[in-house]
Amino acid sequence: MDPMTIVGLLIAIATTFGAMTMGGIDPMSIFFADIGSIILVLGGTLGATLASQSMDDAVNAGKVIVKGLATPKQPDSAETIKKILGFAETARKEGLLALESASKEIEDPFLRKGIEMSVDGTDPEVVREVLETEMSATSDRHKAGSNFFTTMAGYSPAFGVAGTVIGLIDMLNNLSDPSALGPALAVAFSTTLWGVFLANYIFQPIASTLKRSSELEMAYKQLVLDGILSIQAGASPRAVSDRLAAYLAPSQQEALQEKKSA
Amino acid sequence: MDPMTIVGLLIAIATTFGAMTMGGIDPMSIFFADIGSIILVLGGTLGATLASQSMDDAVNAGKVIVKGLATPKQPDSAETIKKILGFAETARKEGLLALESASKEIEDPFLRKGIEMSVDGTDPEVVREVLETEMSATSDRHKAGSNFFTTMAGYSPAFGVAGTVIGLIDMLNNLSDPSALGPALAVAFSTTLWGVFLANYIFQPIASTLKRSSELEMAYKQLVLDGILSIQAGASPRAVSDRLAAYLAPSQQEALQEKKSA
Amino acid sequence: MDPMTIVGLLIAIATTFGAMTMGGIDPMSIFFADIGSIILVLGGTLGATLASQSMDDAVNAGKVIVKGLATPKQPDSAETIKKILGFAETARKEGLLALESASKEIEDPFLRKGIEMSVDGTDPEVVREVLETEMSATSDRHKAGSNFFTTMAGYSPAFGVAGTVIGLIDMLNNLSDPSALGPALAVAFSTTLWGVFLANYIFQPIASTLKRSSELEMAYKQLVLDGILSIQAGASPRAVSDRLAAYLAPSQQEALQEKKSA
Amino acid sequence: MDPMTIVGLLIAIATTFGAMTMGGIDPMSIFFADIGSIILVLGGTLGATLASQSMDDAVNAGKVIVKGLATPKQPDSAETIKKILGFAETARKEGLLALESASKEIEDPFLRKGIEMSVDGTDPEVVREVLETEMSATSDRHKAGSNFFTTMAGYSPAFGVAGTVIGLIDMLNNLSDPSALGPALAVAFSTTLWGVFLANYIFQPIASTLKRSSELEMAYKQLVLDGILSIQAGASPRAVSDRLAAYLAPSQQEALQEKKSA
Amino acid sequence: MDPMTIVGLLIAIATTFGAMTMGGIDPMSIFFADIGSIILVLGGTLGATLASQSMDDAVNAGKVIVKGLATPKQPDSAETIKKILGFAETARKEGLLALESASKEIEDPFLRKGIEMSVDGTDPEVVREVLETEMSATSDRHKAGSNFFTTMAGYSPAFGVAGTVIGLIDMLNNLSDPSALGPALAVAFSTTLWGVFLANYIFQPIASTLKRSSELEMAYKQLVLDGILSIQAGASPRAVSDRLAAYLAPSQQEALQEKKSA
């Protein structure tokens, strides 16, 4: 997961708790006064989310989330372009077969598979189909992760409302003691708070960051795929460079130029 | 239906009832105090949903739901790939006609139809068109099932609100007895609760799981279709394996390798 | 209109009124206490909907709705396939011209036009273009009908809220008589009720059923179009049957087999 | 603008004011009691909408709206088809160059441009590209007009809520005089009313009618484009008629037949 | 950023403050009474938005926003068309190589890159692919900027509600002093106000203007791309002019005619 996610979540929670303390409100007394509210919202949201998915999705979501947390950041596109340009030069001078030994040292399994297929003489159209199928299957697996949290974020406020309505009904049935009205209503609203809190401070940001992380990985794989097909087509390193540099921001394009001339 | 759906629904309901009991609220007294609320929400939602569909859709929805409940889980993609690789090898060595006897033992009607058409010498473009038309017709029928519950989930809170407004108006017309105000309001909110409850604890999770289950079946059929077309094109088992493995998760790809070498 | 629509609407309204009566609430006193509420919601919704459309759309919507109410149900796909197979056989044995006399007895104008164009020797690509243009123009006209009710369903709750806010403001301006507060508020909420009621019990279900009915007609026309093009291409009845059967549900496919062998 | 838009808006406002008067509420006292509410909602909505667009969009929106108000209705498709059939006949008998003098009298600039390019011997593929680019650029300009009102309709209720919250806060800060509570709250809700009123009675209907009007113009231009390309391809008037009639409703198709035989 | 954005924001805020002052409400006392409300909404919204993105997105968003503020307006399409027509004439008379010296003086890097690639004899299909990849990469970077504010606008009201619920719970827990009820509720609603205010007066307009500005830049680049490909294809200046003029509004097309004849 991108470090920005953790920083952002901390900012959101810290400023909320800070603003409460500033206003003389004890955050603990508001958030943790009624443990039942937390159980109802968390349990209901998790249950409904699990029920909305298949067993495999839930397992996949777990893997994607763990992997997302473990992987600190996206691969460096400019670095990869430099590597592909090296392969293009070798392929041009000594033929595709000359990439065989180099291909074994490639860390990125997607790039390695593409180069290996090229070395094996696989038809370019088949290389494209296989790699595109793999991209779309990977993207589907990633979606299991982000969908998990999107679903959580969607259910969470609804379960908050359900809890509040339950609290309201209970309170209205027991109006005999007016002095208990305020605190009973406070407990009822506590599930609304948890529904809104979990959705906006936790689930939605995580869903967005997982989705965005998948988009970036797909854009990176598209760049790699274009590079592999250019190498296979025997394009000149200059042409490959023009082609791939178009994926980069202007500042990165300049950095690429410097790297090449260095 | 995926076992996860039943587990998830049970978690959602159990935690809600548990949290209520923890807070000293009797779930039965909240949910079942006013049978009229349940009739209004369920009847209204079901009626509006039926009215939103054609007779055939309603019948189809029934079939899809029953089938969805009866089928425990999705077919095993890795197992199917192994089977297709076997056919590819036979077709390569002994020709497509050699698949005739094997085709009769295939359980999956979609794979069987494809292999039979190939054995009959049907043009690959026609095979693709027929199977794709069948996939899209199947997917449309599945949608009747998930749409049924999506529509229920959409109407349910609206009927909850309608019931509450009816209750509110009735109460406002009879303000003479202040002591009845609380319980009357409680009954009014009881339809809101049922609207929210049915939508989020029951209808939406079932709609999602039916939709997801259809997506997985379509992905599986796409894999089968690709396999059949590869066999017909006379691709080498190695190429077929590369092509189909791209549909699998990395861990399943390794399992496939092991199965092949085993 | 599908009979299911009328059945569904009756269920929704009957259960609502039944639940109200069960709870000791007179439905008439709730729904018809304030005629002004009904006029405001209905008039506002109808006015805004008419203003959102062109004159032609409104006229078209009227025609589509009347036709939708008059047509009891969709044509029978299996029956049509049998008819097309008959034409395919004739065309195969005696040539396309042999369909000239048969074409004059076809009731469905879409199928008739296609067969006539084929008999006239029109280029298959032109037949496809003309029929697809007609399908898309028909679908656009149908949308005028369903959009009319979708728009009504969208505006209706907003006009309900507008009426309630008007009632609230009037009441707040006249707080001098506390005993009138309840009934005045009841009247104010009566527009909310009508807004929610019309949208969910009437407009949205009719919009959905008209949209669904158009989808089914388009799927049917696609089947007919595929059949005509197959006949023109001189496909064998067996191939035409394989091609068109893919549009049917498995149970209908079996029924088709039986009809053929019968 | 279609006359239906003005009729619809009048119906919506008249029935609302009529229903209010029926219920003994003076519409003026509700809508115009607090001029500040109107300024806040209108000013906020207009400001936010202008800020959401570029200067050119705002200018374009102005032009499109003025033109939309000035143009009473859409061109007559059946009339245009008759004209195109005339051109097709001339082109068939005397060649495309024979259309030169006729082209100068065409009022519709889109049809004229297409015929002129055909007469000049422009390649059909270029004619299609130029006219399609013009259609998409026209459609984009139209969107500036409908988006302006869609954006207004989107912001308007939010500014109504903002005004109400401001009024509520002010009132809660000054609870010392209970007798002023009602009227103060009435003023606060007055911005909600204006937000809902402007969005649903004015902005949304105008946005929809402008959008629909653009769709109809695009469908008409597509018909003209098809006609021009058919003429250029030297199609027989019979074939052109079949092709273009498919755009019309069944009743209009019959009218076209009668016109032709007349 | 378009000057219209700043003008619009000022109109929205000025009319709001003016309407408040007119109604005898001091805007400062409403908006700045509780600094904690502002901190909670701004901090929560910013934190959740940062958490929803990757580090690179946040950096990109910063760059896009700064650049958007610095660039006063879009390039002049008519001016660019005139320039491209000049290139087309030169290329026609003296060949593509004659554009080499002119290409060095082009300010727009996108047009310059296209002309340079044409001069270098790059295959037209490759020129299109490289420029389209660059357009789509630029558009993705722009989205980082508008998405940043769209996300802010989406979270902002939710954090306003969270703050209000926190304030409500705190107040309900401390009902002992009825006289403090009003002001405490006022502070609670102050977060709702800030949530609505920031979303509608600031974040959403800026998001829309950044998005629109990106759309206009993409339309401009499409025009440039079409021009470059026409020049490479050796089209006559007349044909290029017809082709590109279709992108302009009718009034601009006339201006272009005048410029050409001048």
# chains A, B, ... in the order shown; residues from 1 in each chain; ligands from 1
call {"tool": "interface_residues", "arguments": {"of": "chain B", "to": "chain C", "cutoff": "9 Å", "atoms": "only C-alpha atoms", "output": "PyMOL selection string"}}
result
chain B and resi 34-55+58+122+126-127+129-138+141+155+158-159+161-163+165-176
call {"tool": "residues_around", "arguments": {"residues": "Lys93 (chain D)", "least_positions_apart": "3", "cutoff": "12 Å", "atoms": "only C-alpha atoms", "output": "ChimeraX atom specification"}}
result
/D:86-90,96-99,231,234-237
call {"tool": "atom_distance", "arguments": {"atom1": "CA of Met152 (chain A)", "atom2": "CA of Thr151 (chain E)"}}
result
18.0 Å
call {"tool": "residues_around", "arguments": {"residues": "Lys83 (chain D)", "least_positions_apart": "4", "cutoff": "12 Å", "atoms": "only C-alpha atoms", "output": "list of chain:residue names"}}
result
D:Asp76, D:Ser77, D:Ala78, D:Glu79, D:Phe87, D:Ala88, D:Glu89, D:Thr90, D:Leu99, D:Ala102, D:Ser103, D:Glu105, D:Ile106, D:Glu107, D:Asp108, D:Leu111, D:Arg112, D:Ile115, D:Val224, D:Gly227, D:Ile228, D:Ile231, D:Pro237, D:Val240, D:Ser241, D:Leu244, D:Leu256, D:Lys259, D:Lys260
